[in-house]
>>> print(open('structure_33.csv').read())   # CSV, C-alpha atoms
chain,number,residue,atom,x,y,z
A,616,MET,CA,-18.2,3.1,27.2
A,617,PRO,CA,-15.0,1.6,25.9
A,618,ILE,CA,-14.5,0.6,22.3
A,619,THR,CA,-14.9,-3.2,21.8
A,620,VAL,CA,-14.4,-5.7,19.0
A,621,GLU,CA,-18.0,-5.2,18.1
A,622,HIS,CA,-17.4,-1.4,17.5
A,623,VAL,CA,-14.3,-2.2,15.4
A,624,THR,CA,-16.5,-4.5,13.3
A,625,HIS,CA,-19.1,-1.7,13.0
A,626,PHE,CA,-16.4,0.7,11.9
A,627,LEU,CA,-15.1,-1.7,9.3
A,628,THR,CA,-18.6,-2.3,8.0
A,629,ALA,CA,-19.4,1.4,7.9
A,630,ALA,CA,-16.0,2.0,6.1
A,631,ALA,CA,-16.9,-0.7,3.5
A,632,GLU,CA,-20.3,0.9,2.9
A,633,LEU,CA,-18.9,4.4,2.5
A,634,ILE,CA,-16.1,3.2,0.2
A,635,HIS,CA,-18.7,1.3,-1.9
A,636,ALA,CA,-21.0,4.3,-2.0
A,637,HIS,CA,-18.1,6.5,-3.2
A,638,ARG,CA,-16.4,3.9,-5.4
A,639,ASP,CA,-17.1,5.8,-8.7
A,640,GLU,CA,-16.1,9.1,-7.2
A,641,LEU,CA,-12.7,7.7,-5.9
A,642,THR,CA,-12.1,6.0,-9.3
A,643,SER,CA,-12.8,9.2,-11.2
A,644,LEU,CA,-10.5,11.2,-8.9
A,645,ASP,CA,-7.8,8.6,-9.7
A,646,ALA,CA,-8.6,8.7,-13.4
A,647,ALA,CA,-7.6,12.4,-13.4
A,648,ILE,CA,-4.1,11.9,-11.9
A,649,GLY,CA,-3.5,8.2,-11.5
A,650,ASP,CA,-4.6,4.9,-13.0
A,651,ALA,CA,-8.3,5.0,-12.4
A,652,ASP,CA,-8.6,2.0,-10.1
A,653,HIS,CA,-8.7,3.5,-6.5
A,654,GLY,CA,-12.4,3.1,-5.9
A,655,ALA,CA,-12.7,-0.3,-7.5
A,656,ASN,CA,-9.6,-1.6,-5.7
A,657,LEU,CA,-10.7,-0.4,-2.3
A,658,ASP,CA,-14.2,-1.6,-2.8
A,659,ARG,CA,-12.9,-5.1,-3.6
A,660,GLY,CA,-10.5,-4.9,-0.6
A,661,PHE,CA,-13.1,-3.9,1.9
A,662,ALA,CA,-15.7,-6.3,0.6
A,663,ALA,CA,-13.1,-9.1,1.2
A,664,VAL,CA,-12.5,-7.7,4.7
A,665,ILE,CA,-16.3,-7.9,5.5
A,666,ALA,CA,-16.3,-11.4,4.2
A,667,ARG,CA,-13.4,-12.3,6.6
A,668,LEU,CA,-14.8,-10.6,9.7
A,669,PRO,CA,-17.0,-13.5,10.9
A,670,THR,CA,-13.8,-15.7,11.2
A,671,VAL,CA,-12.3,-13.3,13.7
A,672,ALA,CA,-15.4,-12.0,15.5
A,673,ASP,CA,-14.4,-13.8,18.7
A,674,LYS,CA,-10.8,-12.5,18.6
A,675,ASP,CA,-9.1,-9.5,20.1
A,676,ILE,CA,-9.1,-6.0,18.5
A,677,GLY,CA,-5.5,-6.4,17.4
A,678,THR,CA,-6.2,-9.6,15.6
A,679,VAL,CA,-9.2,-8.1,13.8
A,680,LEU,CA,-7.2,-5.1,12.6
A,681,LYS,CA,-4.2,-7.3,11.5
A,682,THR,CA,-6.5,-9.6,9.6
A,683,THR,CA,-8.1,-6.5,8.0
A,684,GLY,CA,-4.6,-5.3,6.9
A,685,MET,CA,-3.5,-8.6,5.5
A,686,THR,CA,-6.8,-9.0,3.6
A,687,ILE,CA,-6.4,-5.6,2.1
A,688,VAL,CA,-2.7,-6.4,1.2
A,689,SER,CA,-3.8,-9.5,-0.6
A,690,THR,CA,-6.8,-8.2,-2.4
A,691,VAL,CA,-6.0,-4.6,-3.4
A,692,GLY,CA,-3.7,-4.5,-6.5
A,693,GLY,CA,-2.9,-0.7,-6.4
A,694,ALA,CA,-0.6,1.3,-4.1
A,695,SER,CA,-3.5,1.6,-1.6
A,696,GLY,CA,-3.1,-2.2,-0.8
A,697,PRO,CA,0.4,-2.0,0.7
A,698,LEU,CA,-0.4,1.4,2.2
A,699,TYR,CA,-3.7,0.8,3.9
A,700,GLY,CA,-2.7,-2.8,4.6
A,701,THR,CA,0.4,-1.7,6.5
A,702,ALA,CA,-1.6,0.9,8.3
A,703,PHE,CA,-4.2,-1.6,9.6
A,704,VAL,CA,-1.5,-4.2,10.4
A,705,ARG,CA,0.5,-1.6,12.4
A,706,ALA,CA,-2.6,-0.4,14.2
A,707,GLY,CA,-3.4,-4.0,15.1
A,708,MET,CA,0.1,-4.5,16.4
A,709,ALA,CA,-0.3,-1.5,18.6
A,710,LEU,CA,-3.5,-3.1,20.1
A,711,ALA,CA,-2.3,-6.7,20.3
A,712,ASP,CA,-4.4,-8.9,22.6
A,713,ARG,CA,-6.7,-6.0,23.6
A,714,HIS,CA,-10.5,-6.6,23.9
A,715,GLU,CA,-11.3,-3.0,24.8
A,716,MET,CA,-9.8,0.4,23.9
A,717,SER,CA,-9.9,3.9,25.3
A,718,ALA,CA,-9.7,7.3,23.6
A,719,GLU,CA,-5.9,7.2,24.1
A,720,ASP,CA,-5.8,3.8,22.4
A,721,VAL,CA,-7.6,5.3,19.4
A,722,VAL,CA,-4.9,7.9,19.2
A,723,LEU,CA,-2.2,5.2,19.5
A,724,ALA,CA,-3.8,3.1,16.8
A,725,LEU,CA,-4.1,6.1,14.4
A,726,GLU,CA,-0.5,7.1,15.1
A,727,ALA,CA,0.7,3.5,14.4
A,728,ALA,CA,-1.4,3.6,11.1
A,729,LEU,CA,0.2,6.9,10.1
A,730,ASP,CA,3.7,5.6,10.9
A,731,GLY,CA,3.0,2.5,8.8
A,732,ILE,CA,1.8,4.6,5.8
A,733,VAL,CA,4.9,6.9,6.1
A,734,ALA,CA,7.2,3.9,6.4
A,735,ARG,CA,5.7,2.3,3.3
A,736,GLY,CA,5.2,5.3,1.1
A,737,LYS,CA,7.9,7.7,2.4
A,738,ALA,CA,5.5,10.6,1.9
A,739,GLN,CA,5.8,13.8,3.9
A,740,PRO,CA,2.9,16.3,4.5
A,741,GLY,CA,2.2,18.5,1.5
A,742,GLU,CA,3.0,15.9,-1.2
A,743,LYS,CA,-0.6,15.2,-2.1
A,744,THR,CA,-1.1,11.8,-0.5
A,745,MET,CA,-3.1,10.1,2.3
A,746,VAL,CA,-0.7,11.7,4.8
A,747,ASP,CA,-2.3,15.1,4.0
A,748,ALA,CA,-5.7,13.8,5.4
A,749,LEU,CA,-4.3,11.7,8.2
A,750,VAL,CA,-1.9,14.1,9.8
A,751,PRO,CA,-4.5,16.9,10.3
A,752,ALA,CA,-7.0,14.3,11.5
A,753,LEU,CA,-4.6,13.2,14.3
A,754,GLU,CA,-3.8,16.7,15.2
A,755,ALA,CA,-7.5,17.6,15.5
A,756,LEU,CA,-8.1,14.4,17.5
A,757,ARG,CA,-5.3,15.1,20.0
A,758,ALA,CA,-6.4,18.7,20.4
A,759,ALA,CA,-10.1,17.8,20.9
A,760,LEU,CA,-9.3,15.2,23.5
A,761,ALA,CA,-6.9,17.6,25.3
A,762,ALA,CA,-9.7,20.1,25.4
A,763,GLY,CA,-11.8,17.6,27.2
A,764,ARG,CA,-14.1,16.6,24.4
A,765,SER,CA,-15.7,13.1,24.3
A,766,LEU,CA,-14.2,10.5,22.0
A,767,GLY,CA,-17.2,10.7,19.7
A,768,ARG,CA,-16.9,14.5,19.4
A,769,ALA,CA,-13.1,14.3,19.0
A,770,VAL,CA,-13.2,11.8,16.2
A,771,GLN,CA,-15.9,13.9,14.5
A,772,ALA,CA,-13.4,16.8,14.6
A,773,ALA,CA,-10.7,14.4,13.3
A,774,ALA,CA,-13.0,13.4,10.4
A,775,ALA,CA,-13.8,17.0,9.5
A,776,ALA,CA,-10.0,17.8,9.6
A,777,ALA,CA,-9.3,14.8,7.3
A,778,GLU,CA,-12.0,16.0,4.8
A,779,ALA,CA,-10.5,19.6,4.9
A,780,GLY,CA,-7.1,18.0,4.5
A,781,ALA,CA,-8.2,16.0,1.5
A,782,GLN,CA,-9.7,19.2,-0.1
A,783,ALA,CA,-6.4,21.0,0.6
A,784,THR,CA,-4.6,18.6,-1.7
A,785,ILE,CA,-6.3,20.2,-4.7
A,786,PRO,CA,-3.7,22.9,-5.3
A,787,MET,CA,-0.8,20.6,-4.3
A,788,LEU,CA,1.9,19.3,-6.7
A,789,ALA,CA,2.0,15.5,-6.4
A,790,MET,CA,5.4,14.3,-5.2
A,791,LYS,CA,4.6,10.6,-4.7
A,792,GLY,CA,3.0,7.8,-6.6
A,793,ARG,CA,1.7,7.7,-10.1
A,794,ALA,CA,0.4,11.3,-9.9
A,795,SER,CA,4.0,12.6,-9.5
A,796,TYR,CA,4.7,11.5,-13.1
A,797,LEU,CA,2.2,14.2,-14.2
A,798,GLY,CA,4.2,17.0,-12.6
A,799,GLU,CA,2.4,20.3,-12.8
A,800,ARG,CA,-0.6,18.7,-14.4
A,801,SER,CA,-1.4,17.0,-11.0
A,802,ILE,CA,-2.3,20.5,-9.6
A,803,GLY,CA,-6.0,21.2,-9.5
A,804,HIS,CA,-7.1,17.7,-8.6
A,805,GLN,CA,-8.1,16.3,-5.2
A,806,ASP,CA,-5.9,13.3,-4.2
A,807,PRO,CA,-7.9,10.1,-4.3
A,808,GLY,CA,-5.9,8.5,-1.4
A,809,ALA,CA,-6.5,11.5,0.9
A,810,THR,CA,-10.2,11.4,-0.1
A,811,SER,CA,-10.5,7.7,0.9
A,812,THR,CA,-8.6,8.3,4.1
A,813,ALA,CA,-11.2,11.0,4.9
A,814,TYR,CA,-14.0,8.5,4.3
A,815,LEU,CA,-12.4,6.0,6.7
A,816,LEU,CA,-12.2,8.7,9.4
A,817,ARG,CA,-15.8,9.5,8.8
A,818,ALA,CA,-16.7,5.8,9.3
A,819,LEU,CA,-14.7,5.9,12.6
A,820,ALA,CA,-16.6,9.0,13.7
A,821,MET,CA,-19.9,7.3,13.0
A,822,THR,CA,-18.9,4.4,15.1
A,823,CYS,CA,-17.6,6.4,18.1
A,824,SER,CA,-20.6,8.7,18.0
A,825,ARG,CA,-23.1,5.8,18.0
A,826,ASN,CA,-21.2,4.3,20.9
A,827,GLU,CA,-21.8,7.5,23.0
A,828,GLU,CA,-25.5,7.7,22.0
A,829,GLU,CA,-26.0,4.2,23.3
A,830,ALA,CA,-24.2,4.9,26.6
B,1337,MET,CA,23.7,-17.8,-8.5
B,1338,ILE,CA,21.6,-14.7,-8.4
B,1339,GLY,CA,17.9,-14.9,-9.2
B,1340,LEU,CA,15.8,-12.1,-10.9
B,1341,LEU,CA,12.3,-11.3,-10.0
B,1342,ILE,CA,10.4,-9.3,-12.6
B,1343,VAL,CA,7.5,-7.2,-11.1
B,1344,SER,CA,5.2,-5.3,-13.4
B,1345,HIS,CA,1.6,-4.1,-13.1
B,1346,SER,CA,0.9,-6.2,-16.2
B,1347,ALA,CA,1.3,-10.0,-16.0
B,1348,ARG,CA,2.0,-10.1,-19.7
B,1349,LEU,CA,4.6,-7.4,-19.5
B,1350,ALA,CA,6.4,-9.3,-16.7
B,1351,GLU,CA,6.2,-12.6,-18.7
B,1352,GLY,CA,7.5,-10.8,-21.8
B,1353,VAL,CA,10.5,-9.4,-19.9
B,1354,GLN,CA,11.1,-12.8,-18.5
B,1355,GLU,CA,11.0,-14.3,-22.1
B,1356,PHE,CA,13.2,-11.5,-23.5
B,1357,VAL,CA,15.8,-11.6,-20.8
B,1358,GLY,CA,15.7,-15.4,-20.5
B,1359,GLN,CA,17.2,-15.5,-24.0
B,1360,ILE,CA,20.5,-14.3,-22.5
B,1361,GLY,CA,21.2,-17.1,-20.1
B,1362,GLY,CA,19.2,-19.8,-21.7
B,1363,ASP,CA,17.8,-21.7,-18.7
B,1364,GLN,CA,20.9,-20.9,-16.6
B,1365,ILE,CA,19.6,-17.8,-14.7
B,1366,PRO,CA,16.6,-18.2,-12.5
B,1367,ILE,CA,14.1,-15.6,-13.7
B,1368,VAL,CA,10.6,-15.4,-12.3
B,1369,ALA,CA,7.7,-13.2,-13.5
B,1370,ALA,CA,5.4,-11.8,-10.8
B,1371,GLY,CA,3.1,-9.4,-12.6
B,1372,GLY,CA,-0.5,-8.3,-12.3
B,1373,ALA,CA,-2.9,-8.2,-9.4
B,1374,SER,CA,-4.1,-11.4,-7.7
B,1375,ASP,CA,-7.0,-11.8,-10.2
B,1376,GLY,CA,-4.7,-11.2,-13.1
B,1377,SER,CA,-5.9,-7.6,-13.8
B,1378,LEU,CA,-3.5,-4.6,-13.9
B,1379,GLY,CA,-1.8,-4.1,-10.6
B,1380,THR,CA,0.7,-5.7,-8.3
B,1381,SER,CA,0.1,-8.5,-5.9
B,1382,VAL,CA,2.0,-9.2,-2.7
B,1383,GLU,CA,0.9,-12.8,-2.9
B,1384,ARG,CA,2.2,-13.3,-6.4
B,1385,ILE,CA,5.4,-11.5,-5.5
B,1386,LEU,CA,5.8,-13.8,-2.4
B,1387,ALA,CA,5.2,-16.8,-4.5
B,1388,GLY,CA,7.9,-15.6,-7.0
B,1389,LEU,CA,10.4,-15.0,-4.1
B,1390,GLU,CA,9.7,-18.6,-2.9
B,1391,GLN,CA,10.5,-19.9,-6.3
B,1392,LEU,CA,13.8,-18.2,-6.1
B,1393,ARG,CA,14.6,-19.3,-2.6
B,1394,ALA,CA,17.6,-21.5,-3.8
B,1395,ALA,CA,19.4,-18.5,-5.2
B,1396,ASP,CA,22.2,-16.8,-3.3
B,1397,GLY,CA,20.5,-13.5,-3.7
B,1398,ILE,CA,17.5,-12.0,-5.5
B,1399,LEU,CA,17.3,-8.8,-7.5
B,1400,ALA,CA,13.8,-7.4,-8.0
B,1401,LEU,CA,13.2,-5.3,-11.1
B,1402,VAL,CA,10.1,-3.3,-11.0
B,1403,ASP,CA,8.0,-0.9,-13.2
B,1404,LEU,CA,6.2,1.9,-11.4
B,1405,GLY,CA,4.6,3.0,-8.1
B,1406,SER,CA,3.0,0.3,-6.1
B,1407,ALA,CA,5.4,-2.3,-7.5
B,1408,VAL,CA,8.1,-1.1,-5.0
B,1409,MET,CA,5.7,-1.0,-2.1
B,1410,SER,CA,4.3,-4.4,-2.9
B,1411,VAL,CA,7.8,-6.0,-3.0
B,1412,GLU,CA,8.6,-4.2,0.3
B,1413,THR,CA,5.4,-5.6,1.9
B,1414,ALA,CA,6.2,-9.1,0.6
B,1415,LEU,CA,9.7,-8.9,2.0
B,1416,GLU,CA,8.2,-8.4,5.5
B,1417,HIS,CA,6.9,-12.0,5.1
B,1418,PHE,CA,9.9,-13.6,3.4
B,1419,SER,CA,12.9,-15.1,5.1
B,1420,GLY,CA,15.1,-16.4,2.4
B,1421,PRO,CA,18.2,-15.1,0.6
B,1422,PRO,CA,18.9,-11.4,0.6
B,1423,VAL,CA,16.7,-9.3,-1.8
B,1424,GLN,CA,17.4,-6.0,-3.3
B,1425,ILE,CA,15.0,-3.8,-5.2
B,1426,SER,CA,16.6,-2.2,-8.3
B,1427,ASN,CA,16.2,1.5,-9.2
B,1428,ALA,CA,16.8,0.6,-12.8
B,1429,PRO,CA,14.3,0.8,-15.7
B,1430,LEU,CA,12.5,-2.6,-15.9
B,1431,VAL,CA,13.5,-3.9,-19.4
B,1432,GLU,CA,17.0,-2.6,-19.8
B,1433,GLY,CA,17.8,-3.2,-16.1
B,1434,ALA,CA,16.6,-6.8,-16.3
B,1435,TYR,CA,18.7,-7.3,-19.5
B,1436,LEU,CA,21.9,-6.0,-18.0
B,1437,ALA,CA,21.3,-7.8,-14.7
B,1438,ALA,CA,20.9,-11.1,-16.6
B,1439,VAL,CA,24.1,-10.5,-18.5
B,1440,GLU,CA,25.9,-10.1,-15.2
B,1441,ALA,CA,24.0,-12.9,-13.5
B,1442,SER,CA,24.9,-15.3,-16.3
B,1443,ASN,CA,28.3,-15.5,-14.5
B,1444,ALA,CA,27.3,-17.9,-11.7
B,1445,GLU,CA,30.0,-16.4,-9.5
B,1446,ALA,CA,28.5,-12.9,-9.7
B,1447,THR,CA,27.3,-11.5,-6.3
B,1448,LEU,CA,24.0,-9.7,-5.7
B,1449,ALA,CA,25.9,-6.4,-5.4
B,1450,GLN,CA,27.5,-6.9,-8.8
B,1451,VAL,CA,24.2,-7.8,-10.5
B,1452,ALA,CA,22.5,-4.9,-8.8
B,1453,ALA,CA,25.3,-2.5,-10.0
B,1454,ALA,CA,25.0,-3.9,-13.6
B,1455,ALA,CA,21.3,-3.3,-13.6
B,1456,LEU,CA,21.7,0.3,-12.5
B,1457,GLN,CA,24.0,1.0,-15.5
B,1458,ALA,CA,20.7,0.8,-17.5
B,1459,ARG,CA,20.0,4.3,-16.3
B,1460,GLU,CA,23.0,5.5,-18.4
B,1461,LEU,CA,22.4,3.3,-21.3
B,1462,MET,CA,22.6,5.1,-24.7
B,1463,LYS,CA,20.4,3.9,-27.4
B,1464,VAL,CA,20.6,6.7,-30.0
B,1465,TYR,CA,24.0,8.2,-30.7
B,1466,GLU,CA,24.0,11.7,-32.2
>>> encode(input="structure_33.csv", output="structure tokens")
Amino acid sequence: MPITVEHVTHFLTAAAELIHAHRDELTSLDAAIGDADHGANLDRGFAAVIARLPTVADKDIGTVLKTTGMTIVSTVGGASGPLYGTAFVRAGMALADRHEMSAEDVVLALEAALDGIVARGKAQPGEKTMVDALVPALEALRAALAAGRSLGRAVQAAAAAAEAGAQATIPMLAMKGRASYLGERSIGHQDPGATSTAYLLRALAMTCSRNEEEA
Amino acid sequence: MIGLLIVSHSARLAEGVQEFVGQIGGDQIPIVAAGGASDGSLGTSVERILAGLEQLRAADGILALVDLGSAVMSVETALEHFSGPPVQISNAPLVEGAYLAAVEASNAEATLAQVAAAALQARELMKVYE
């Protein structure tokens, strides 16, 4: 069963709920090495996205993702606004005018999102950022699909890799963003951006798995 | 004429820099403050930055002076939606860079490259001589 706009809406709703449920955790991670606003900022951004979704419910997947990105850009005041905003806009551009998407399209969208985050934040793997969750997630997704797994299983593997990637940021020295000003003191804390990326992948896994259970 | 866009996580800090630096050129230099998140809380706002860029549209070029972190990314994101005069983001410290930029920009003939170079000199600015 292909992924439709309805599934994308389900993913965004699940993402908003996960971010809301983990709002305080994300903010306290950010308090340790940043400016203590990541959970509150993302919660505000995704709540605004959910409020906008009904206005694009009859549109194509690309439009829904682009609208999501622009809403995040205009409502999230921290670095995650331009970063996640650009990620969703680029994913939307990769899926312009599409009403259905295949497993390959999910890979394409995530690749476009990663390219957007790297273009905006200039981060490389190992610098204690969202990239450290998204890069292993994409690798796991590609590997699982190549091994013949279903999309639901493959995205579950991607979500697990993102979570492991987020945990792997704990011993890293921050090289980008506000945390980099802390230098050595950034070591020993999990990166809030990598953590929220892992939650977004988990929301995607929930949606893709549910799709297969229905099929 | 080159315009200056002051981008800070704090709306009051951006307005303060605008006030402080505005003293140099009187009302001669277009200086716009674009600080704070959309709701006025701490943060940066692509919308506020875009609105600031629009206010400076009549300038021959715009130098954006920023504080930390997301300020740069927010300006870059805003630039993807702005088609006006050329804009450069300065690597200079906010207050000192804006001050030196305003000194240079008070010459109406100064180019964006000259104003940007003047702002960058703030990185070498000595305050205490030993």
>>> atom_distance(input="structure_33.csv", atom1="atom CA of Gly731 of chain A", atom2="atom CA of Val704 of chain A")
8.2 Å
>>> interface_residues(input="structure_33.csv", of="chain A", to="chain B", cutoff="12 Å", atoms="only C-alpha atoms", output="JSON, numbers by chain")
{"A": [649, 650, 651, 652, 653, 655, 656, 659, 660, 684, 685, 686, 687, 688, 689, 690, 691, 692, 693, 694, 695, 696, 697, 698, 699, 700, 701, 702, 704, 731, 732, 733, 734, 735, 736, 737, 790, 791, 792, 793, 794, 795, 796]}
>>> residues_around(input="structure_33.csv", residues="segment 1438-1443 of chain B", least_positions_apart="4", cutoff="6 Å", atoms="all atoms listed in the file", output="list in words")
Ile1338, Gly1361 and Val1451 of chain B
>>> residues_around(input="structure_33.csv", residues="segment 1342-1344 of chain B", least_positions_apart="3", cutoff="9 Å", atoms="all atoms listed in the file", output="list in words")
Ala1347, Arg1348, Leu1349, Ala1350, Glu1351, Val1353, Gln1354, Ile1367, Val1368, Ala1369, Ala1370, Gly1371, Gly1372, Leu1378, Gly1379, Thr1380, Ile1385, Gly1388, Leu1399, Ala1400, Leu1401, Val1402, Asp1403, Leu1404, Ala1407, Val1408, Val1411, Leu1430 and Ala1434 of chain B
>>> residues_around(input="structure_33.csv", residues="Gly707 of chain A", least_positions_apart="3", cutoff="7 Å", atoms="all atoms listed in the file", output="list in words")
Ile676, Gly677, Thr678, Leu680, Lys681, Phe703, Val704, Leu710 and Ala711 of chain A
>>> closest_residue(input="structure_33.csv", among="A:Val679, A:Cys823, A:Ala724, A:Ala774", to="Pro617 of chain A", atoms="all atoms listed in the file")
A:Cys823
>>> residues_near_point(input="structure_33.csv", point="(15.7, 4.4, -8.4)", cutoff="10 Å", atoms="all atoms listed in the file", output="ChimeraX atom specification")
/B:1402,1408,1425-1429,1456,1459
>>> atom_distance(input="structure_33.csv", atom1="atom CA of Leu644 of chain A", atom2="atom CA of Pro807 of chain A")
5.4 Å
